[in-house]
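K.L.:
This is coords_36.tsv, which holds TSV, C-alpha atoms:
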chain	number	residue	atom	x	y	z
A	27	MET	CA	-17.48	10.65	-21.76
A	28	ASN	CA	-17.62	7.41	-23.65
A	29	ARG	CA	-14.07	6.16	-23.13
A	30	ILE	CA	-11.73	6.42	-20.13
A	31	VAL	CA	-8.30	4.82	-20.43
A	32	ILE	CA	-6.36	3.81	-17.32
A	33	VAL	CA	-2.68	3.00	-17.88
A	34	GLY	CA	-1.45	0.84	-15.04
A	35	ALA	CA	-3.25	-2.31	-13.85
A	36	SER	CA	-2.05	-2.55	-10.28
A	37	ALA	CA	-3.80	-1.39	-7.09
A	38	GLY	CA	-4.30	2.23	-8.18
A	39	GLY	CA	-5.51	1.42	-11.68
A	40	LEU	CA	-7.97	-1.23	-10.55
A	41	ALA	CA	-9.27	0.97	-7.73
A	42	THR	CA	-9.89	3.77	-10.24
A	43	ALA	CA	-11.92	1.46	-12.46
A	44	GLU	CA	-13.93	0.24	-9.47
A	45	ALA	CA	-14.56	3.78	-8.25
A	46	LEU	CA	-15.74	4.87	-11.69
A	47	ARG	CA	-18.23	2.01	-11.87
A	48	GLY	CA	-19.25	2.58	-8.26
A	49	SER	CA	-20.01	6.21	-9.12
A	50	GLY	CA	-22.35	5.13	-11.90
A	51	TYR	CA	-20.10	5.58	-14.93
A	52	GLU	CA	-21.37	3.27	-17.69
A	53	GLY	CA	-19.03	4.21	-20.52
A	54	GLY	CA	-16.05	2.24	-21.76
A	55	ILE	CA	-13.03	1.71	-19.52
A	56	THR	CA	-9.77	0.40	-20.95
A	57	LEU	CA	-7.34	-0.88	-18.31
A	58	ILE	CA	-3.79	-1.36	-19.62
A	59	GLY	CA	-1.08	-3.21	-17.66
A	60	ASP	CA	2.43	-4.25	-18.67
A	61	GLU	CA	2.41	-7.40	-16.51
A	62	PRO	CA	0.49	-10.47	-17.71
A	63	HIS	CA	-1.24	-10.99	-14.35
A	64	LEU	CA	-4.56	-9.75	-13.08
A	65	PRO	CA	-4.04	-6.93	-10.55
A	66	TYR	CA	-2.28	-8.19	-7.43
A	67	ASP	CA	-1.13	-6.84	-4.07
A	68	ARG	CA	2.54	-5.88	-3.71
A	69	PRO	CA	3.19	-5.33	0.03
A	70	PRO	CA	3.23	-9.11	0.72
A	71	LEU	CA	6.09	-9.58	-1.77
A	72	SER	CA	8.66	-8.55	0.85
A	73	LYS	CA	6.86	-10.39	3.64
A	74	ARG	CA	4.48	-13.36	3.33
A	75	ILE	CA	5.56	-14.48	-0.14
A	76	LEU	CA	9.17	-14.75	1.01
A	77	THR	CA	8.21	-16.64	4.17
A	78	GLY	CA	5.98	-19.00	2.19
A	79	THR	CA	2.93	-18.22	4.32
A	80	GLU	CA	1.12	-16.90	1.24
A	81	ARG	CA	1.04	-18.28	-2.28
A	82	PRO	CA	1.07	-16.12	-5.40
A	83	SER	CA	-2.56	-17.03	-6.01
A	84	GLY	CA	-3.42	-15.30	-2.74
A	85	LEU	CA	-2.08	-11.96	-3.98
A	86	ALA	CA	-5.00	-11.30	-6.34
A	87	LEU	CA	-6.74	-8.05	-5.41
A	88	ARG	CA	-10.04	-9.30	-6.78
A	89	ARG	CA	-11.44	-12.55	-8.12
A	90	LYS	CA	-11.53	-12.97	-11.87
A	91	GLU	CA	-15.31	-12.89	-11.94
A	92	HIS	CA	-15.37	-9.61	-10.00
A	93	ILE	CA	-13.07	-7.97	-12.53
A	94	GLY	CA	-15.16	-9.44	-15.33
A	95	ALA	CA	-18.26	-7.82	-13.85
A	96	LEU	CA	-16.65	-4.38	-14.21
A	97	GLY	CA	-16.98	-4.68	-17.98
A	98	LEU	CA	-13.44	-3.56	-18.74
A	99	ASP	CA	-11.49	-3.61	-21.97
A	100	LEU	CA	-8.64	-5.34	-20.14
A	101	ARG	CA	-5.25	-5.35	-21.88
A	102	LEU	CA	-2.63	-7.19	-19.87
A	103	GLY	CA	0.97	-7.71	-20.95
A	104	ALA	CA	0.65	-4.46	-22.91
A	105	ARG	CA	3.24	-1.74	-22.28
A	106	ALA	CA	2.45	1.91	-22.99
A	107	THR	CA	5.20	3.60	-25.01
A	108	GLY	CA	3.80	7.01	-25.90
A	109	LEU	CA	1.05	9.58	-25.45
A	110	ASP	CA	-0.33	11.97	-28.06
A	111	MET	CA	-2.29	14.60	-26.16
A	112	ALA	CA	-3.50	16.38	-29.28
A	113	ALA	CA	-4.92	13.20	-30.80
A	114	ARG	CA	-5.91	11.84	-27.36
A	115	THR	CA	-4.30	8.46	-27.96
A	116	VAL	CA	-2.01	6.10	-26.07
A	117	ARG	CA	0.51	4.09	-28.08
A	118	LEU	CA	1.40	0.54	-27.00
A	119	ALA	CA	4.56	-1.49	-27.56
A	120	ASP	CA	2.76	-3.82	-29.97
A	121	GLY	CA	1.87	-0.88	-32.21
A	122	ALA	CA	-1.74	-0.55	-31.08
A	123	VAL	CA	-3.15	2.94	-30.63
A	124	VAL	CA	-5.81	3.37	-27.93
A	125	PRO	CA	-8.06	6.46	-28.08
A	126	TYR	CA	-9.35	8.12	-24.91
A	127	GLU	CA	-11.57	10.95	-23.80
A	128	ALA	CA	-10.06	10.98	-20.32
A	129	LEU	CA	-6.80	9.41	-19.20
A	130	VAL	CA	-5.61	8.15	-15.81
A	131	VAL	CA	-1.88	7.50	-15.37
A	132	ALA	CA	-1.32	4.80	-12.74
A	133	THR	CA	1.89	3.22	-14.01
A	134	GLY	CA	3.58	2.92	-10.62
A	135	VAL	CA	7.31	2.55	-10.10
A	136	ARG	CA	10.15	0.17	-10.84
A	137	ALA	CA	13.15	-0.79	-8.74
A	138	ARG	CA	16.13	1.51	-9.00
A	139	ARG	CA	19.38	-0.25	-9.94
A	140	LEU	CA	22.93	0.54	-8.95
A	141	PRO	CA	24.64	2.83	-11.50
A	142	GLY	CA	26.13	0.73	-14.28
A	143	SER	CA	24.83	-2.57	-12.91
A	144	GLY	CA	21.59	-2.97	-14.83
A	145	ARG	CA	22.94	-4.62	-17.95
A	146	LEU	CA	25.23	-7.10	-16.20
A	147	SER	CA	23.33	-7.93	-13.02
A	148	GLY	CA	20.34	-9.16	-15.01
A	149	ARG	CA	22.55	-12.02	-16.27
A	150	MET	CA	23.92	-12.95	-12.84
A	151	THR	CA	22.39	-15.75	-10.82
A	152	GLY	CA	21.85	-14.36	-7.36
A	153	SER	CA	21.37	-10.68	-8.28
A	154	HIS	CA	17.92	-9.41	-7.32
A	155	THR	CA	15.56	-6.48	-7.18
A	156	LEU	CA	12.07	-6.76	-5.67
A	157	ARG	CA	9.06	-5.30	-7.40
A	158	THR	CA	7.10	-8.10	-9.10
A	159	VAL	CA	5.81	-11.50	-8.05
A	160	GLU	CA	8.45	-13.12	-10.27
A	161	ASP	CA	11.14	-11.14	-8.42
A	162	ALA	CA	9.80	-12.36	-5.08
A	163	LEU	CA	9.64	-16.01	-6.13
A	164	ARG	CA	13.21	-15.94	-7.46
A	165	LEU	CA	14.45	-14.47	-4.21
A	166	LYS	CA	12.36	-16.84	-2.08
A	167	ALA	CA	13.96	-19.87	-3.75
A	168	ARG	CA	17.39	-18.59	-2.70
A	169	LEU	CA	16.62	-17.82	0.97
A	170	LEU	CA	17.92	-21.05	2.49
A	171	PRO	CA	19.52	-21.55	5.92
A	172	GLY	CA	23.22	-20.74	5.93
A	173	ARG	CA	23.23	-18.82	2.66
A	174	ARG	CA	24.73	-15.33	2.59
A	175	LEU	CA	22.51	-12.44	1.51
A	176	VAL	CA	23.81	-8.91	1.07
A	177	ILE	CA	21.16	-6.21	0.90
A	178	VAL	CA	22.20	-2.89	-0.63
A	179	GLY	CA	19.96	-0.24	0.88
A	180	ALA	CA	18.37	-0.08	4.32
A	181	GLY	CA	15.01	1.38	3.34
A	182	PHE	CA	11.75	-0.31	4.21
A	183	VAL	CA	11.95	-2.97	1.49
A	184	GLY	CA	15.54	-3.86	2.39
A	185	ALA	CA	14.71	-3.89	6.11
A	186	GLU	CA	11.64	-6.10	5.64
A	187	VAL	CA	13.56	-8.60	3.52
A	188	ALA	CA	16.39	-8.62	6.08
A	189	ALA	CA	13.90	-9.48	8.82
A	190	VAL	CA	12.34	-12.31	6.79
A	191	ALA	CA	15.71	-13.70	5.72
A	192	ARG	CA	17.01	-13.81	9.30
A	193	GLY	CA	13.89	-15.70	10.32
A	194	LEU	CA	14.73	-18.27	7.64
A	195	GLY	CA	18.28	-18.75	8.93
A	196	VAL	CA	20.01	-16.70	6.23
A	197	GLU	CA	23.19	-14.76	7.06
A	198	VAL	CA	22.32	-11.13	6.28
A	199	THR	CA	24.53	-8.10	5.72
A	200	VAL	CA	22.86	-4.75	5.05
A	201	LEU	CA	24.88	-2.00	3.36
A	202	GLU	CA	23.67	1.57	3.72
A	203	SER	CA	25.39	4.65	2.29
A	204	ALA	CA	23.95	7.03	4.90
A	205	PRO	CA	25.29	7.26	8.48
A	206	VAL	CA	21.88	6.22	9.91
A	207	PRO	CA	19.43	3.93	8.07
A	208	MET	CA	16.29	5.68	6.76
A	209	ALA	CA	17.26	8.95	8.49
A	210	GLN	CA	16.34	11.04	5.46
A	211	ALA	CA	12.78	9.75	5.58
A	212	ILE	CA	12.10	9.18	9.27
A	213	GLY	CA	14.91	10.93	11.17
A	214	ASP	CA	17.94	9.77	13.14
A	215	GLN	CA	16.05	8.61	16.24
A	216	ALA	CA	13.64	6.34	14.39
A	217	GLY	CA	16.42	5.08	12.11
A	218	GLN	CA	18.54	4.14	15.12
A	219	LEU	CA	15.63	2.37	16.82
A	220	LEU	CA	14.90	0.25	13.75
A	221	ALA	CA	18.61	-0.41	13.19
A	222	ARG	CA	18.89	-1.71	16.77
A	223	ALA	CA	16.12	-4.22	16.11
A	224	HIS	CA	18.10	-5.65	13.18
A	225	LEU	CA	21.37	-5.76	15.10
A	226	ASP	CA	19.60	-7.59	17.93
A	227	HIS	CA	18.49	-10.24	15.43
A	228	GLY	CA	21.98	-10.83	14.07
A	229	VAL	CA	21.97	-8.65	10.96
A	230	ARG	CA	25.37	-7.20	10.07
A	231	LEU	CA	24.75	-3.54	9.37
A	232	ARG	CA	27.37	-1.38	7.68
A	233	THR	CA	26.57	2.31	7.33
A	234	GLY	CA	28.51	4.84	5.29
A	235	ALA	CA	29.15	2.02	2.82
A	236	ALA	CA	29.55	2.91	-0.85
A	237	VAL	CA	29.12	-0.02	-3.25
A	238	ALA	CA	31.60	-0.17	-6.11
A	239	GLU	CA	30.60	-3.41	-7.83
A	240	ILE	CA	28.61	-6.62	-7.57
A	241	LEU	CA	31.15	-9.41	-8.04
A	242	SER	CA	30.52	-12.66	-9.89
A	243	THR	CA	32.24	-15.76	-11.20
A	244	ASP	CA	30.89	-17.72	-14.16
A	245	GLY	CA	27.64	-15.74	-13.99
A	246	HIS	CA	27.05	-16.37	-10.27
A	247	VAL	CA	27.16	-13.68	-7.59
A	248	THR	CA	30.13	-14.05	-5.25
A	249	GLY	CA	30.10	-10.80	-3.30
A	250	VAL	CA	29.96	-7.03	-3.18
A	251	ALA	CA	33.02	-4.81	-3.53
A	252	LEU	CA	32.95	-1.53	-1.60
A	253	ALA	CA	34.61	1.73	-2.51
A	254	ASP	CA	37.04	1.35	0.40
A	255	GLY	CA	38.42	-1.83	-1.19
A	256	SER	CA	36.74	-4.31	1.15
A	257	VAL	CA	34.68	-7.22	-0.17
A	258	ILE	CA	31.54	-8.70	1.41
A	259	PRO	CA	31.12	-12.36	0.34
A	260	ALA	CA	27.60	-13.21	-0.84
A	261	ASP	CA	25.56	-15.92	-2.49
A	262	ASP	CA	22.83	-13.40	-3.29
A	263	VAL	CA	22.57	-9.62	-3.49
A	264	LEU	CA	19.33	-7.68	-3.23
A	265	VAL	CA	19.54	-4.12	-4.57
A	266	ALA	CA	16.96	-2.11	-2.59
A	267	VAL	CA	18.04	1.46	-3.22
A	268	GLY	CA	14.64	2.95	-3.93
A	269	SER	CA	12.48	3.24	-7.02
A	270	LEU	CA	11.85	5.30	-10.13
A	271	PRO	CA	8.39	6.34	-11.39
A	272	ASN	CA	7.38	4.73	-14.67
A	273	THR	CA	6.85	7.92	-16.64
A	274	GLU	CA	9.34	7.56	-19.53
A	275	TRP	CA	6.49	6.78	-21.89
A	276	LEU	CA	5.15	10.31	-21.25
A	277	HIS	CA	8.31	12.09	-22.47
A	278	GLY	CA	7.47	14.49	-25.29
A	279	SER	CA	3.76	14.44	-24.46
A	280	GLY	CA	3.67	17.97	-23.05
A	281	LEU	CA	2.94	16.79	-19.52
A	282	THR	CA	5.23	17.99	-16.73
A	283	LEU	CA	7.50	15.29	-15.29
A	284	ASP	CA	9.59	15.80	-12.16
A	285	ASP	CA	10.19	12.61	-10.16
A	286	GLY	CA	6.73	11.53	-11.24
A	287	LEU	CA	3.81	13.00	-13.17
A	288	VAL	CA	3.26	16.48	-11.74
A	289	CYS	CA	-0.38	17.07	-10.78
A	290	ASP	CA	-2.34	19.83	-9.04
A	291	GLU	CA	-4.39	19.56	-5.86
A	292	PHE	CA	-7.11	17.72	-7.78
A	293	SER	CA	-4.57	15.12	-9.03
A	294	ALA	CA	-4.94	16.57	-12.53
A	295	ALA	CA	-1.87	16.83	-14.77
A	296	ALA	CA	-3.76	18.48	-17.65
A	297	PRO	CA	-7.39	18.83	-18.68
A	298	GLY	CA	-8.78	15.29	-18.78
A	299	VAL	CA	-5.50	13.72	-17.57
A	300	TYR	CA	-5.08	12.54	-13.97
A	301	GLY	CA	-2.42	10.76	-11.94
A	302	VAL	CA	-2.95	8.02	-9.37
A	303	GLY	CA	-0.64	6.21	-6.98
A	304	ASP	CA	3.13	5.81	-6.94
A	305	ALA	CA	3.76	7.61	-10.25
A	306	ALA	CA	1.83	10.77	-9.35
A	307	ARG	CA	3.41	13.81	-7.68
A	308	TRP	CA	0.56	16.03	-6.59
A	309	HIS	CA	0.06	19.12	-4.45
A	310	ASN	CA	-1.43	18.18	-1.08
A	311	PRO	CA	-3.06	21.36	0.29
A	312	LEU	CA	-3.25	19.91	3.80
A	313	PHE	CA	0.55	20.07	4.05
A	314	GLY	CA	1.11	22.86	1.52
A	315	THR	CA	3.62	20.86	-0.51
A	316	THR	CA	3.91	18.41	-3.38
A	317	MET	CA	4.41	14.75	-2.54
A	318	ARG	CA	4.69	11.38	-4.21
A	319	ILE	CA	3.59	8.57	-1.91
A	320	GLU	CA	4.61	4.97	-2.62
A	321	HIS	CA	2.20	3.22	-0.31
A	322	ARG	CA	-0.72	0.92	-0.96
A	323	THR	CA	-3.27	2.96	1.01
A	324	ASN	CA	-2.58	6.13	-0.94
A	325	ALA	CA	-3.10	4.39	-4.29
A	326	ALA	CA	-6.59	3.29	-3.27
A	327	GLU	CA	-7.58	6.63	-1.72
A	328	GLN	CA	-6.28	8.71	-4.60
A	329	ALA	CA	-8.11	6.48	-7.09
A	330	ILE	CA	-11.42	7.26	-5.42
A	331	ALA	CA	-10.66	10.98	-5.41
A	332	VAL	CA	-9.65	10.95	-9.08
A	333	ALA	CA	-12.78	9.06	-10.14
A	334	ARG	CA	-14.92	11.62	-8.33
A	335	ASN	CA	-13.12	14.58	-9.87
A	336	LEU	CA	-13.02	13.05	-13.33
A	337	LEU	CA	-16.80	12.58	-13.31
A	338	ALA	CA	-17.58	15.99	-11.80
A	339	PRO	CA	-20.09	17.72	-14.12
A	340	GLU	CA	-18.05	20.94	-13.99
A	341	PRO	CA	-14.55	21.85	-12.74
A	342	ALA	CA	-15.89	23.95	-9.85
A	343	LEU	CA	-17.37	20.81	-8.29
A	344	ARG	CA	-14.04	18.97	-8.05
A	345	ARG	CA	-12.53	18.52	-4.60
A	346	PRO	CA	-8.84	18.67	-3.65
A	347	TYR	CA	-7.16	15.43	-2.69
A	348	ALA	CA	-5.78	16.25	0.77
A	349	PRO	CA	-5.17	13.04	2.73
A	350	VAL	CA	-3.11	12.30	5.82
A	351	PRO	CA	-0.85	9.63	4.26
A	352	TYR	CA	-0.50	6.31	6.05
A	353	PHE	CA	2.04	3.52	5.77
A	354	TRP	CA	3.18	0.51	7.75
A	355	SER	CA	6.16	-1.84	7.84
A	356	ASP	CA	6.42	-5.30	9.43
A	357	GLN	CA	9.89	-6.15	10.76
A	358	TYR	CA	10.35	-9.19	13.03
A	359	ASP	CA	7.57	-9.01	15.64
A	360	MET	CA	7.30	-5.23	15.34
A	361	LYS	CA	4.77	-3.34	13.24
A	362	ALA	CA	5.77	0.27	12.60
A	363	GLN	CA	2.97	2.59	11.48
A	364	ALA	CA	3.07	6.20	10.36
A	365	TYR	CA	0.61	8.98	9.63
A	366	GLY	CA	1.43	12.21	7.87
A	367	PHE	CA	4.33	13.38	5.73
A	368	LEU	CA	7.62	12.68	7.45
A	369	ARG	CA	10.09	13.68	4.73
A	370	GLY	CA	11.61	17.12	4.96
A	371	HIS	CA	10.76	17.51	8.64
A	372	ASP	CA	12.54	20.13	10.75
A	373	GLU	CA	12.43	18.15	13.98
A	374	ALA	CA	11.66	14.64	15.21
A	375	ALA	CA	10.87	14.26	18.91
A	376	VAL	CA	10.71	10.98	20.82
A	377	VAL	CA	7.46	11.29	22.76
A	378	GLU	CA	7.43	7.75	24.11
A	379	GLN	CA	9.97	4.93	24.21
A	380	ASP	CA	10.10	1.56	25.97
A	381	ALA	CA	12.76	-0.70	24.48
A	382	SER	CA	11.74	-3.69	26.61
A	383	ARG	CA	8.23	-3.61	25.12
A	384	LYS	CA	9.41	-2.65	21.62
A	385	ARG	CA	7.29	0.42	21.89
A	386	PHE	CA	8.00	3.94	20.66
A	387	LEU	CA	6.25	7.03	19.33
A	388	ILE	CA	8.04	9.81	17.44
A	389	ALA	CA	6.38	13.07	16.38
A	390	TYR	CA	7.53	15.19	13.44
A	391	ARG	CA	7.53	18.99	13.05
A	392	ARG	CA	7.74	21.19	9.98
A	393	GLU	CA	7.91	24.89	10.82
A	394	ASP	CA	5.42	25.36	13.69
A	395	ARG	CA	3.00	22.49	13.06
A	396	LEU	CA	2.73	18.78	13.66
A	397	VAL	CA	3.07	16.95	10.32
A	398	GLY	CA	3.63	13.29	11.19
A	399	VAL	CA	3.93	10.47	13.70
A	400	LEU	CA	5.73	7.13	13.57
A	401	ALA	CA	5.01	4.48	16.19
A	402	ALA	CA	5.24	0.85	17.11
A	403	GLY	CA	3.54	-1.03	19.93
A	404	VAL	CA	1.06	1.75	20.74
A	405	PRO	CA	-2.74	1.26	20.88
A	406	PRO	CA	-4.72	2.12	17.72
A	407	LYS	CA	-6.69	4.69	19.73
A	408	THR	CA	-3.45	6.58	20.42
A	409	LEU	CA	-2.41	6.58	16.76
A	410	HIS	CA	-5.85	7.72	15.63
A	411	ALA	CA	-5.69	10.63	18.07
A	412	TRP	CA	-2.35	11.73	16.57
A	413	ARG	CA	-3.79	11.38	13.08
A	414	ALA	CA	-6.63	13.73	14.04
A	415	LEU	CA	-4.13	16.29	15.31
A	416	ILE	CA	-2.19	16.11	12.03
A	417	ALA	CA	-5.37	16.49	9.97
A	418	ALA	CA	-6.33	19.53	12.05
A	419	GLY	CA	-2.97	21.20	11.41
A	420	SER	CA	-2.31	21.35	15.14
A	421	PRO	CA	0.46	23.62	16.40
A	422	TRP	CA	3.58	21.67	17.31
A	423	ALA	CA	4.04	22.95	20.86
A	424	GLN	CA	0.43	22.27	21.77
A	425	ALA	CA	0.37	18.75	20.31
A	426	VAL	CA	3.65	17.56	21.81
A	427	SER	CA	3.28	19.18	25.22
A	428	GLY	CA	-0.22	17.73	25.53
A	429	ALA	CA	1.06	14.25	24.62
A	430	ILE	CA	3.90	14.39	27.12
A	431	ALA	CA	1.58	15.66	29.85
A	432	ALA	CA	-0.80	12.77	29.16
Written as structure tokens, how would this file's structure read?

P.N.:
Amino acid sequence: MNRIVIVGASAGGLATAEALRGSGYEGGITLIGDEPHLPYDRPPLSKRILTGTERPSGLALRRKEHIGALGLDLRLGARATGLDMAARTVRLADGAVVPYEALVVATGVRARRLPGSGRLSGRMTGSHTLRTVEDALRLKARLLPGRRLVIVGAGFVGAEVAAVARGLGVEVTVLESAPVPMAQAIGDQAGQLLARAHLDHGVRLRTGAAVAEILSTDGHVTGVALADGSVIPADDVLVAVGSLPNTEWLHGSGLTLDDGLVCDEFSAAAPGVYGVGDAARWHNPLFGTTMRIEHRTNAAEQAIAVARNLLAPEPALRRPYAPVPYFWSDQYDMKAQAYGFLRGHDEAAVVEQDASRKRFLIAYRREDRLVGVLAAGVPPKTLHAWRALIAAGSPWAQAVSGAIAA
């Protein structure tokens, strides 16, 4: 191959380019990104950028000279708008057409907006989503002591921002449509434990809350109206109701799209076309299911696997991408960490809990096997042991009974 095109210049796209060069590939690599910045890290946007403990310049994933040494055809501020699989070309918003011999889709996700709010909320001062460094800086400037922030959505981004905002003296109300925050992803027990941490820090948490409208006067946010007729006053509103994969530009290409770019166990969507990171939904043979993982670690690991498979001299030498996913979340003085695939679990069991030490460990079952663990305040050695059990496909009864006995 003489030309590999990577669409998406964030963590997954850059890691793919690095892995290709690290594997000895000397051909051309075009890296296309719709933001004007060099690749930067996103997890700090809801943490250290908001607190002011890190500056935007500290987000860079690599120094400029390091990226220069990769010898990339780097196209920043360039948005992909179409793919012609027959001609093997990517079309950009400026009209340019970029040919490829192999293509890697690493276009990530964007923040989901409330139904019907996208057009208007963009013109309101005080209405926010959080995905880019510009989003984070706008929100940071508004997080002042005594101001009122309403967060719509109690997922990990909403929860992390709530924790930061309370630390800055902001009055925080979190609105969640489900009865228990994050229950769909991590179960009722874990959701209740994390909710308690926020309540203990003065966050007003309203569950079962359906948002009807973001209210404004003269272009400035004034509150949030709920479906039950109540109004929550606000100076700022953060909409944190999840994300959508950036795959619209692939419509009509012939690739299969279903909440992401659908890929096989090798992360391949079609011959010569691979998916990496948040936008890719691939079959993980370790768990026997498809998954789309929106976490920084997965983007880097999948990039390495894709580079290896893309450069394999023949298809039979490719290897399935079968990781034990990992993610973390910092909230107040608690760091929650998880291994495995927690969504769609059949049971979540509290193996260990000590509220006074802010320590807990919850194991997750699907059918008769251990598929995940979520913990805070436990030693790394303990978490690594659980990860090994998940990777081995350990039977549920054996794993949990052994942990409780220990």

K.L.:
Counting all atoms listed in the file, which residue out of A:Trp308, A:Phe353, A:Tyr358, A:Trp275 sits closest to A:Leu287?

P.N.:
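Smallest separation from A:Leu287 among the options: A:Trp308.
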
K.L.:
Atom CA of A:Val130 and atom CA of A:Gly278, how far apart in Å?

P.N.:
17.4 Å

K.L.:
What lies within 9 Å of A:Val399 using only C-alpha atoms, ignoring chain neighbours under 4 positions off, as a list of chain:residue names?

P.N.:
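Once the nearby chain positions are removed, what remains is A:Gln363, A:Ala364, A:Tyr365, A:Gly366, A:Phe367, A:Leu368, A:Ala374, A:Leu387, A:Ile388, A:Ala389, A:Tyr390, A:Leu409, A:Trp412, A:Arg413, A:Ile416.
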
K.L.:
Compare A:Val123, A:Ala418, A:Ala402, A:Ala43 by their minimum atom-to-atom distance to A:Phe313, counting only C-alpha atoms, and give me the closest one.

P.N.:
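Residue with the minimum atom-to-atom distance to A:Phe313: A:Ala418.
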
K.L.:
How many Å separate atom CA of A:Arg192 from atom CA of A:Pro171?

P.N.:
8.8 Å

K.L.:
Provide the atom CA of A:Thr315 to atom CA of A:Glu127 distance in Å, to one decimal place.

P.N.:
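Here the two named atoms are 29.5 Å from each other.
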
K.L.:
Can you list, as a ChimeraX atom specification, every protein, DNA or RNA residue that comes within 12 Å of A:Asp214 when you count all atoms listed in the file, leaving out same-chain residues fewer than 3 positions away?

P.N.:
/A:204-211,217-221,371-376,388,390

K.L.:
If we count all atoms listed in the file and set the cut-off at 9 Å, which residues sit around stretch 63-76 of chain A, ignoring sequence neighbours fewer than 6 positions away in its own chain? Please answer as a PyMOL selection string.

P.N.:
chain A and resi 35-37+39-40+82-90+93+102-103+156-159+161-163+165-167+169+183-184+186-187+189-191+321-322+356-357

K.L.:
Do you know which residues are at most 9 Å from A:His154 counting only C-alpha atoms, after dropping those on the same chain fewer than 6 positions away, and could you put them as a list in words?

P.N.:
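Once the adjacent positions are removed, what remains is Ser147, Gly148, Asp161, Ala162, Arg164, Leu165, Asp262, Val263, Leu264, Val265 and Ala266 of chain A.
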
K.L.:
May I have the centre and edge lengths, in Å to one decimal, of an axis-aligned box around the listed atoms of stretch 336-348 of chain A with 8 Å added to every side, as JSON?

P.N.:
{"center_x": -12.9, "center_y": 18.3, "center_z": -6.7, "size_x": 30.3, "size_y": 27.4, "size_z": 30.9}

K.L.:
Nearest residue to A:Tyr352 out of A:Ala326, A:Ala338, A:Val332, A:Ala429, using all atoms listed in the file?

P.N.:
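Looking at the shortest contact to A:Tyr352, the residue is A:Ala326.
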
K.L.:
Using all atoms listed in the file, can you tell me which of A:Thr42, A:Asp110, A:Ala401, A:Gly152 comes closest to A:Thr243?

P.N.:
A:Gly152

K.L.:
From the options A:Glu44, A:Ser269, A:Asp244, A:Glu197, which residue's atoms come nearest to A:Ala137, counting only C-alpha atoms?

P.N.:
A:Ser269

K.L.:
Skip A:Gly228 itself and residues of its chain fewer than 2 positions away, then list as an NGL selection string all residues within 8 Å of it, counting only C-alpha atoms.

P.N.:
:A and (192 or 198 or 224-226 or 230)

K.L.:
Pick out the closest residue to A:Ala128 from this set: A:Asn272, A:Ala331, A:Val33, A:Glu202. Count all atoms listed in the file.

P.N.:
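The closest residue to A:Ala128 is A:Val33.
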